[in-house]
Each structure stands twice: as C-alpha cells, then as structure tokens.
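Below: model_29.txt (compact mmCIF, C-alpha atoms)
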```txt
# COMPACT_ATOMS: atom_id res chain seq x y z
CA MET A 1 114.24 -10.29 112.28
CA ILE A 2 112.39 -7.95 109.92
CA LYS A 3 114.18 -9.44 106.91
CA ILE A 4 113.20 -12.96 108.02
CA LEU A 5 109.54 -11.94 108.34
CA LEU A 6 109.60 -10.22 104.95
CA THR A 7 111.25 -13.28 103.40
CA PHE A 8 108.48 -15.45 104.85
CA TRP A 9 105.93 -13.02 103.39
CA PHE A 10 107.57 -13.42 99.98
CA PHE A 11 107.38 -17.20 100.46
CA LEU A 12 103.63 -16.90 101.02
CA LEU A 13 103.30 -14.52 98.08
CA GLY A 14 105.21 -16.95 95.88
CA SER A 15 103.00 -19.86 96.91
CA ALA A 16 99.90 -17.82 95.99
CA VAL A 17 101.42 -16.85 92.63
CA GLY A 18 102.32 -20.52 92.12
CA SER A 19 98.69 -21.46 92.67
CA PHE A 20 97.71 -19.09 89.85
CA LEU A 21 100.51 -20.43 87.64
CA ASN A 22 99.01 -23.90 88.05
CA VAL A 23 95.84 -22.55 86.46
CA VAL A 24 97.91 -21.14 83.59
CA ILE A 25 99.77 -24.43 83.13
CA TYR A 26 96.55 -26.45 83.01
CA ARG A 27 94.37 -24.14 80.93
CA LEU A 28 96.64 -22.52 78.34
CA PRO A 29 97.41 -25.73 76.37
CA ARG A 30 93.68 -26.48 76.38
CA ARG A 31 92.87 -22.98 75.08
CA GLU A 32 90.71 -22.25 78.13
CA SER A 33 90.32 -18.91 79.87
CA ILE A 34 92.63 -18.50 82.86
CA VAL A 35 89.99 -16.33 84.56
CA PHE A 36 86.64 -18.06 83.98
CA PRO A 37 85.24 -20.37 85.17
CA PRO A 38 86.55 -20.29 88.77
CA SER A 39 88.88 -23.04 89.97
CA HIS A 40 87.23 -26.45 89.83
CA CYS A 41 88.12 -30.13 89.91
CA PRO A 42 89.12 -31.21 86.38
CA PHE A 43 87.48 -34.60 86.98
CA CYS A 44 84.10 -33.92 88.60
CA GLY A 45 83.86 -30.21 87.76
CA HIS A 46 82.97 -29.23 91.34
CA LYS A 47 83.83 -25.61 92.17
CA LEU A 48 86.66 -25.48 94.69
CA SER A 49 86.20 -23.55 97.91
CA ALA A 50 88.79 -21.40 99.64
CA LYS A 51 89.80 -24.26 101.93
CA ASP A 52 90.59 -26.36 98.85
CA LEU A 53 92.89 -23.70 97.41
CA ILE A 54 95.38 -23.08 100.23
CA PRO A 55 98.74 -23.37 98.45
CA ILE A 56 100.74 -26.49 99.35
CA LEU A 57 98.74 -27.17 102.54
CA SER A 58 95.47 -28.16 100.82
CA TYR A 59 97.27 -30.87 98.85
CA ILE A 60 98.81 -32.25 102.05
CA ILE A 61 95.55 -32.08 104.04
CA LEU A 62 93.55 -33.74 101.27
CA LYS A 63 96.30 -36.34 100.75
CA GLY A 64 96.51 -35.49 97.09
CA LYS A 65 92.85 -36.24 96.34
CA CYS A 66 89.79 -34.20 95.36
CA ARG A 67 87.57 -33.52 98.40
CA TYR A 68 84.43 -34.13 96.34
CA CYS A 69 85.11 -37.08 94.02
CA GLY A 70 88.28 -38.59 95.44
CA ALA A 71 90.19 -38.34 92.16
CA LYS A 72 93.97 -38.13 92.46
CA ILE A 73 95.40 -34.62 92.16
CA SER A 74 98.62 -34.24 90.18
CA SER A 75 101.72 -33.70 92.33
CA ARG A 76 102.61 -30.90 89.91
CA TYR A 77 100.30 -28.57 91.86
CA PRO A 78 102.24 -28.50 95.15
CA ILE A 79 105.55 -28.71 93.27
CA VAL A 80 104.80 -25.54 91.28
CA GLU A 81 103.55 -23.74 94.40
CA PHE A 82 106.60 -24.77 96.42
CA LEU A 83 109.10 -23.90 93.68
CA THR A 84 107.54 -20.47 93.22
CA ALA A 85 107.45 -19.86 96.97
CA ILE A 86 111.11 -20.85 97.40
CA PHE A 87 112.22 -18.77 94.42
CA TYR A 88 110.36 -15.66 95.60
CA ALA A 89 111.79 -16.01 99.12
CA LEU A 90 115.33 -16.68 97.87
CA VAL A 91 115.35 -13.74 95.46
CA PHE A 92 114.11 -11.36 98.14
CA TRP A 93 116.67 -12.69 100.62
CA LEU A 94 119.46 -12.08 98.10
CA TYR A 95 118.38 -8.78 96.56
CA GLY A 96 115.82 -7.23 98.92
CA PHE A 97 113.46 -4.55 97.62
CA SER A 98 115.23 -3.82 94.35
CA PHE A 99 114.65 -3.66 90.61
CA SER A 100 116.63 -6.89 90.27
CA THR A 101 114.12 -8.64 92.52
CA LEU A 102 111.20 -7.36 90.43
CA LYS A 103 112.93 -8.43 87.21
CA LEU A 104 113.69 -11.95 88.44
CA LEU A 105 110.22 -12.51 89.87
CA ILE A 106 108.54 -11.38 86.64
CA LEU A 107 110.82 -13.57 84.53
CA PHE A 108 110.40 -16.65 86.72
CA SER A 109 106.63 -16.24 86.79
CA MET A 110 106.63 -16.41 82.98
CA LEU A 111 109.19 -19.19 82.67
CA LEU A 112 107.70 -21.69 85.11
CA PRO A 113 104.47 -22.19 83.13
CA VAL A 114 106.53 -22.54 79.93
CA PHE A 115 108.72 -25.16 81.65
CA PHE A 116 105.83 -27.40 82.70
CA ILE A 117 103.67 -26.87 79.62
CA ASP A 118 106.55 -27.81 77.32
CA LEU A 119 107.43 -30.75 79.54
CA GLU A 120 103.89 -32.12 79.39
CA HIS A 121 102.63 -31.03 75.97
CA MET A 122 105.83 -30.22 74.03
CA LEU A 123 104.31 -26.81 73.42
CA ILE A 124 105.53 -23.29 74.22
CA PRO A 125 102.64 -20.78 74.17
CA ASP A 126 103.17 -17.65 72.06
CA VAL A 127 100.90 -15.82 74.48
CA ILE A 128 103.76 -15.96 77.01
CA THR A 129 106.92 -15.66 74.90
CA ILE A 130 105.90 -12.87 72.52
CA PRO A 131 104.66 -10.43 75.21
CA GLY A 132 107.53 -11.69 77.38
CA THR A 133 110.05 -10.42 74.84
CA GLY A 134 108.43 -7.00 75.04
CA VAL A 135 108.55 -7.10 78.84
CA GLY A 136 112.25 -8.01 78.71
CA LEU A 137 113.02 -5.09 76.42
CA ILE A 138 111.06 -2.67 78.60
CA ILE A 139 112.98 -3.86 81.66
CA SER A 140 116.24 -3.47 79.72
CA LEU A 141 115.20 0.09 78.89
CA PHE A 142 114.61 0.91 82.56
CA GLU A 143 117.98 -0.66 83.41
CA GLY A 144 119.68 1.60 80.83
CA ARG A 145 120.74 -1.39 78.74
CA LEU A 146 118.20 -1.46 75.93
CA ALA A 147 120.89 -2.13 73.30
CA GLN A 148 122.01 -5.17 75.32
CA GLY A 149 118.44 -6.40 75.50
CA ILE A 150 117.87 -6.04 71.77
CA LEU A 151 121.18 -7.64 70.81
CA GLY A 152 120.77 -10.40 73.38
CA SER A 153 117.34 -11.20 71.98
CA LEU A 154 118.60 -11.21 68.40
CA ILE A 155 121.61 -13.37 69.28
CA PHE A 156 119.76 -15.91 71.43
CA GLY A 157 116.75 -16.24 69.16
CA GLY A 158 118.81 -15.79 66.00
CA ILE A 159 121.19 -18.65 66.79
CA LEU A 160 118.27 -20.97 67.51
CA LEU A 161 116.61 -19.86 64.27
CA LEU A 162 119.84 -20.56 62.37
CA ILE A 163 120.05 -24.05 63.87
CA TYR A 164 116.41 -24.62 62.93
CA VAL A 165 117.00 -23.56 59.30
CA ILE A 166 120.21 -25.61 58.96
CA ALA A 167 118.44 -28.71 60.30
CA LEU A 168 115.65 -28.22 57.77
CA LEU A 169 118.08 -27.81 54.87
CA ILE A 170 120.47 -30.62 55.77
CA LEU A 171 118.44 -33.13 57.77
CA LYS A 172 115.10 -32.28 56.15
CA GLU A 173 113.49 -32.09 59.58
CA GLU A 174 112.99 -29.57 62.36
CA GLY A 175 115.91 -29.56 64.78
CA MET A 176 113.70 -27.91 67.40
CA GLY A 177 110.26 -26.42 67.78
CA GLN A 178 109.45 -22.90 66.64
CA GLY A 179 108.34 -22.19 70.20
CA ASP A 180 111.94 -22.72 71.35
CA ILE A 181 113.08 -19.99 68.97
CA LYS A 182 110.51 -17.52 70.32
CA LEU A 183 111.51 -18.47 73.86
CA GLY A 184 115.10 -17.70 72.84
CA PHE A 185 114.13 -14.19 71.72
CA MET A 186 112.39 -13.67 75.06
CA LEU A 187 115.27 -14.97 77.18
CA GLY A 188 117.82 -12.91 75.26
CA SER A 189 115.88 -9.72 75.94
CA PHE A 190 116.41 -10.32 79.67
CA LEU A 191 119.95 -11.71 79.53
CA GLY A 192 121.90 -9.46 77.18
CA ILE A 193 124.75 -10.61 74.92
CA LYS A 194 127.23 -12.42 77.18
CA LEU A 195 124.69 -14.21 79.34
CA SER A 196 122.70 -15.23 76.24
CA LEU A 197 125.76 -16.97 74.79
CA LEU A 198 126.50 -18.64 78.12
CA SER A 199 122.89 -19.70 78.50
CA LEU A 200 122.88 -21.27 75.04
CA PHE A 201 126.02 -23.23 75.84
CA LEU A 202 124.64 -24.43 79.18
CA SER A 203 121.29 -25.36 77.62
CA TYR A 204 122.87 -27.58 74.98
CA PHE A 205 125.38 -29.02 77.44
CA ILE A 206 122.76 -29.94 80.04
CA GLY A 207 120.29 -31.05 77.38
CA GLY A 208 122.94 -33.24 75.76
CA LEU A 209 123.81 -34.93 79.05
CA PHE A 210 120.14 -35.54 79.83
CA SER A 211 119.51 -36.97 76.35
CA LEU A 212 122.49 -39.29 76.74
CA LEU A 213 121.14 -40.54 80.06
CA ILE A 214 117.71 -41.15 78.50
CA ILE A 215 119.33 -43.16 75.69
CA LEU A 216 121.44 -45.21 78.11
CA ILE A 217 118.74 -45.81 80.72
CA LYS A 218 115.61 -46.20 78.60
CA GLY A 219 117.18 -47.36 75.37
CA LYS A 220 115.73 -44.53 73.30
CA ASP A 221 117.32 -43.50 70.02
CA LEU A 222 118.66 -40.11 68.89
CA LYS A 223 115.40 -39.27 67.16
CA THR A 224 113.36 -39.47 70.35
CA ALA A 225 111.56 -36.14 70.81
CA ILE A 226 112.64 -34.35 73.98
CA PRO A 227 111.28 -30.89 74.88
CA PHE A 228 114.13 -28.38 74.72
CA GLY A 229 112.36 -25.46 76.41
CA PRO A 230 113.09 -26.67 79.96
CA PHE A 231 116.82 -26.81 79.18
CA LEU A 232 116.77 -23.28 77.75
CA ILE A 233 115.08 -22.13 80.95
CA ILE A 234 117.53 -23.97 83.22
CA GLY A 235 120.48 -22.53 81.28
CA ALA A 236 119.02 -19.03 81.51
CA LEU A 237 118.40 -19.21 85.27
CA ILE A 238 121.91 -20.55 85.93
CA SER A 239 123.32 -17.71 83.82
CA LEU A 240 121.30 -15.08 85.67
CA PHE A 241 122.50 -16.19 89.10
CA PHE A 242 125.99 -17.51 88.36
CA GLY A 243 126.79 -16.17 84.88
CA LYS A 244 129.40 -13.59 85.84
CA THR A 245 131.16 -16.08 88.11
CA LEU A 246 131.22 -18.75 85.41
CA ILE A 247 132.47 -16.32 82.77
CA ASN A 248 135.24 -15.01 85.05
CA LEU A 249 136.19 -18.58 85.97
CA TYR A 250 136.45 -19.49 82.28
CA LEU A 251 138.53 -16.40 81.47
CA SER A 252 140.89 -17.13 84.37
CA LEU A 253 141.92 -20.36 82.64
CA PHE A 254 143.72 -18.39 79.94
```
Output the file's structure in the form of structure tokens.
Amino acid sequence: MIKILLTFWFFLLGSAVGSFLNVVIYRLPRRESIVFPPSHCPFCGHKLSAKDLIPILSYIILKGKCRYCGAKISSRYPIVEFLTAIFYALVFWLYGFSFSTLKLLILFSMLLPVFFIDLEHMLIPDVITIPGTGVGLIISLFEGRLAQGILGSLIFGGILLLIYVIALLILKEEGMGQGDIKLGFMLGSFLGIKLSLLSLFLSYFIGGLFSLLIILIKGKDLKTAIPFGPFLIIGALISLFFGKTLINLYLSLF
C-alpha cells in the first residue's frame, strides 16, 4: 500500500516537472527566459493563474482552450505532462528510492525537452546537451564507472562526428545536425560503452524504418530532412531499460 501511494506521489511529481518542461520546450528555441515572465497565454499574453496550471487536468477542464481568449492550446502540453508523470511513476515502481531512479529521472527530464524541440524546430539546444554531458560524467563518477562514462561519450559522440565528417567529404552535405553529435556525447556519458553501441544501432534501425514509412506513405524522397534526435533518444531509453537483455539475447544466437 505504501509503495502504491509513493508511486502515485511520483506520478504527481512527474506531472509537475512535465509542466515546467513545457515551459522549457516553448521558450528555449525562442531564446526566452524559462523563469521570467511567469506562465502566460502565448496568444493573448494573459498571466495564467494557479487553476490554469494544474498539470493534465487544466487542459481537460478547459477543453484545450485558453480561459481568457479561447485560443486552442497545443495537445503537446498534456502529452508532455502525462509522459513525465508515467515515467516518474514507472521508474520509482521499478527501482524505488535508489541512485538508479535519480539517474533515470534526471536523464529523462533533460531528454524530453530535446525530443520535442528537435521534433518541432529541428534544433537541439547546447544549453541542455553540453551541461548534460557533465552531469552524465559526474553520475558515472558516483557510480564508480567514470572510465565507462568517458569512453561511452567519446564512442557515441565520436561515431556520430565521424559520420558527419564522412558525409561532408563524400556527399558534400551534412549527414546530420551538429546538435545530434553533442547529444551523442551526452547520451554516451550516461550509457557507457556497450549500451552506447547498442543505442546507436537501435537509433539508426528505428530511424531507418520510420524514414522508409514516411517515403512510402507521404511520397517523400531520401533528401527529406527528418530530425534524428528523437531516434537517438528512443534508442538510448530502450538500451537503458532493456539493453542487457537485448545484448544477452544477441550473444545467445552464437
């Protein structure tokens, strides 16, 4: 019973964090402060009251519209709040009060804004990935695996950098954004060597399948720009939760 109540508390905590992450997602690409001014409607500029800022519920109660001007509110807001709430609750349910829980919650809280910002603006903010790499290395130090964090960062980011340089030399164009490379350095600092390699494979595999679907369904060509950051993030999260199982399953085939 206590664990259920604590899990619900983490759900509420996650929804509140998600509400803040929505501010980050909206303001960072616009180079606005994430602290000032207080939350307001992006259409009419009216300052939002506490009853307008209840995570998930406010969107439902207001039927997805601003209370003051009636403008439609993006569905991204409740989606981000719900995803964060579910992730926080799930991680606590699986790992309880542990360093692993803290690590996963910190990482997810940095990755979710990157996911949606890159999806919408094809931009990965340095203000998240560069400090994020430092955070990953500090966590690796506390875990007693600093060498793994450093090598993972160099391998993940280094391989993406190599692909970037090869694309420039051979195709005379960028094969990916520089933000993806910095994100790779950050992810590697959390993942270590083996999970970094697995994450890279999964990212390209999932990204390739998605690109193929886009080409088949929408008739786009191979040069259509598709943000790669979300696939790097998906690959990393799969590796964190299921990496050891996937690696052992692969090795059992031989």
For Pro230 of chain A, which residue out of A:Phe185, A:Phe156, A:Phe116, A:Tyr250 is the nearest one, using only C-alpha atoms? A:Phe116
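Across A:Leu251, A:Leu107, A:Lys172, A:Phe205, the tightest approach to Gly188 of chain A is made by A:Leu107 when counting all atoms listed in the file.
Taking atom CA of Leu240 of chain A as the reference point, atom CA of Leu202 of chain A is found at 11.9 Å.
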Between A:Gln148, A:Ser189, A:Ser58, A:Ser15, which one has atoms that come closest to Gly132 of chain A, using all atoms listed in the file?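 Selected residue with least distance to Gly132 of chain A: A:Ser189.
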Residues near Gly175 of chain A, anyone? I mean within 12 Å using only C-alpha atoms, not counting same-chain ones fewer than 4 positions away, as a PyMOL selection string. chain A and resi 160-171+179-181+222-228
List the residues sitting within 9 Å of (112.3, -11.3, 82.6) in the file's frame, using all atoms listed in the file, as a ChimeraX atom specification. /A:102-111,132-133,135-137,139,186-187,189-191
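Atom CA of Ile61 of chain A to atom CA of Ala89 of chain A spans 23.4 Å [interatomic distance, one decimal].
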Give me the residues within 12 Å of Asn22 of chain A as an MDAnalysis selection string, counting all atoms listed in the file and dropping any in the same chain fewer than 2 places off. chainID A and resid 15:20 24:29 34 39 53 55:56 74:84 109:110 112:117
If you measure from atom CA of Lys72 of chain A to atom CA of Phe43 of chain A, what distance in Å do you get, rounded to one decimal?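 Result for atom CA of Lys72 of chain A versus atom CA of Phe43 of chain A: 9.2 Å, one decimal.
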What's the 12 Å shell around Ile247 of chain A, counting all atoms listed in the file, without same-chain residues fewer than 6 positions away, as a list in words?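 These residues fall inside the cut-off: Lys194, Leu195, Ser196, Leu197, Leu198, Ser199, Phe201, Leu202, Ile238, Ser239, Leu240, Phe241, Leu253 and Phe254 of chain A.
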Give me the residues within 8 Å of Leu151 of chain A as a count of residues only, counting only C-alpha atoms and dropping any in the same chain fewer than 2 places off. 10
Any idea what's packed within 12 Å of Phe8 of chain A, counting only C-alpha atoms, ignoring anything in its chain fewer than 3 positions away? Could you give it as a list of chain:residue names?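 Returned residues: A:Met1, A:Ile2, A:Lys3, A:Ile4, A:Leu5, A:Phe11, A:Leu12, A:Leu13, A:Gly14, A:Ser15, A:Ala85, A:Ile86, A:Phe87, A:Tyr88, A:Ala89, A:Leu90, A:Val91, A:Phe92, A:Trp93.
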Serialized selection, C-alpha atoms, as a PDB file, in the frame of the given file:
```
ATOM      1  CA  MET A   1     114.240 -10.290 112.280  1.00  0.00           C
ATOM      2  CA  ILE A   2     112.390  -7.950 109.920  1.00  0.00           C
ATOM      3  CA  LYS A   3     114.180  -9.440 106.910  1.00  0.00           C
ATOM      4  CA  ILE A   4     113.200 -12.960 108.020  1.00  0.00           C
ATOM      5  CA  LEU A   5     109.540 -11.940 108.340  1.00  0.00           C
ATOM      6  CA  PHE A  11     107.380 -17.200 100.460  1.00  0.00           C
ATOM      7  CA  LEU A  12     103.630 -16.900 101.020  1.00  0.00           C
ATOM      8  CA  LEU A  13     103.300 -14.520  98.080  1.00  0.00           C
ATOM      9  CA  GLY A  14     105.210 -16.950  95.880  1.00  0.00           C
ATOM     10  CA  SER A  15     103.000 -19.860  96.910  1.00  0.00           C
ATOM     11  CA  ALA A  85     107.450 -19.860  96.970  1.00  0.00           C
ATOM     12  CA  ILE A  86     111.110 -20.850  97.400  1.00  0.00           C
ATOM     13  CA  PHE A  87     112.220 -18.770  94.420  1.00  0.00           C
ATOM     14  CA  TYR A  88     110.360 -15.660  95.600  1.00  0.00           C
ATOM     15  CA  ALA A  89     111.790 -16.010  99.120  1.00  0.00           C
ATOM     16  CA  LEU A  90     115.330 -16.680  97.870  1.00  0.00           C
ATOM     17  CA  VAL A  91     115.350 -13.740  95.460  1.00  0.00           C
ATOM     18  CA  PHE A  92     114.110 -11.360  98.140  1.00  0.00           C
ATOM     19  CA  TRP A  93     116.670 -12.690 100.620  1.00  0.00           C
TER      20      TRP A  93
END
```
Taking only C-alpha atoms into account, which of A:Leu21, A:Leu213, A:Tyr204, A:Met176 comes nearest Leu123 of chain A?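 Closest residue, counting only C-alpha atoms: A:Met176.
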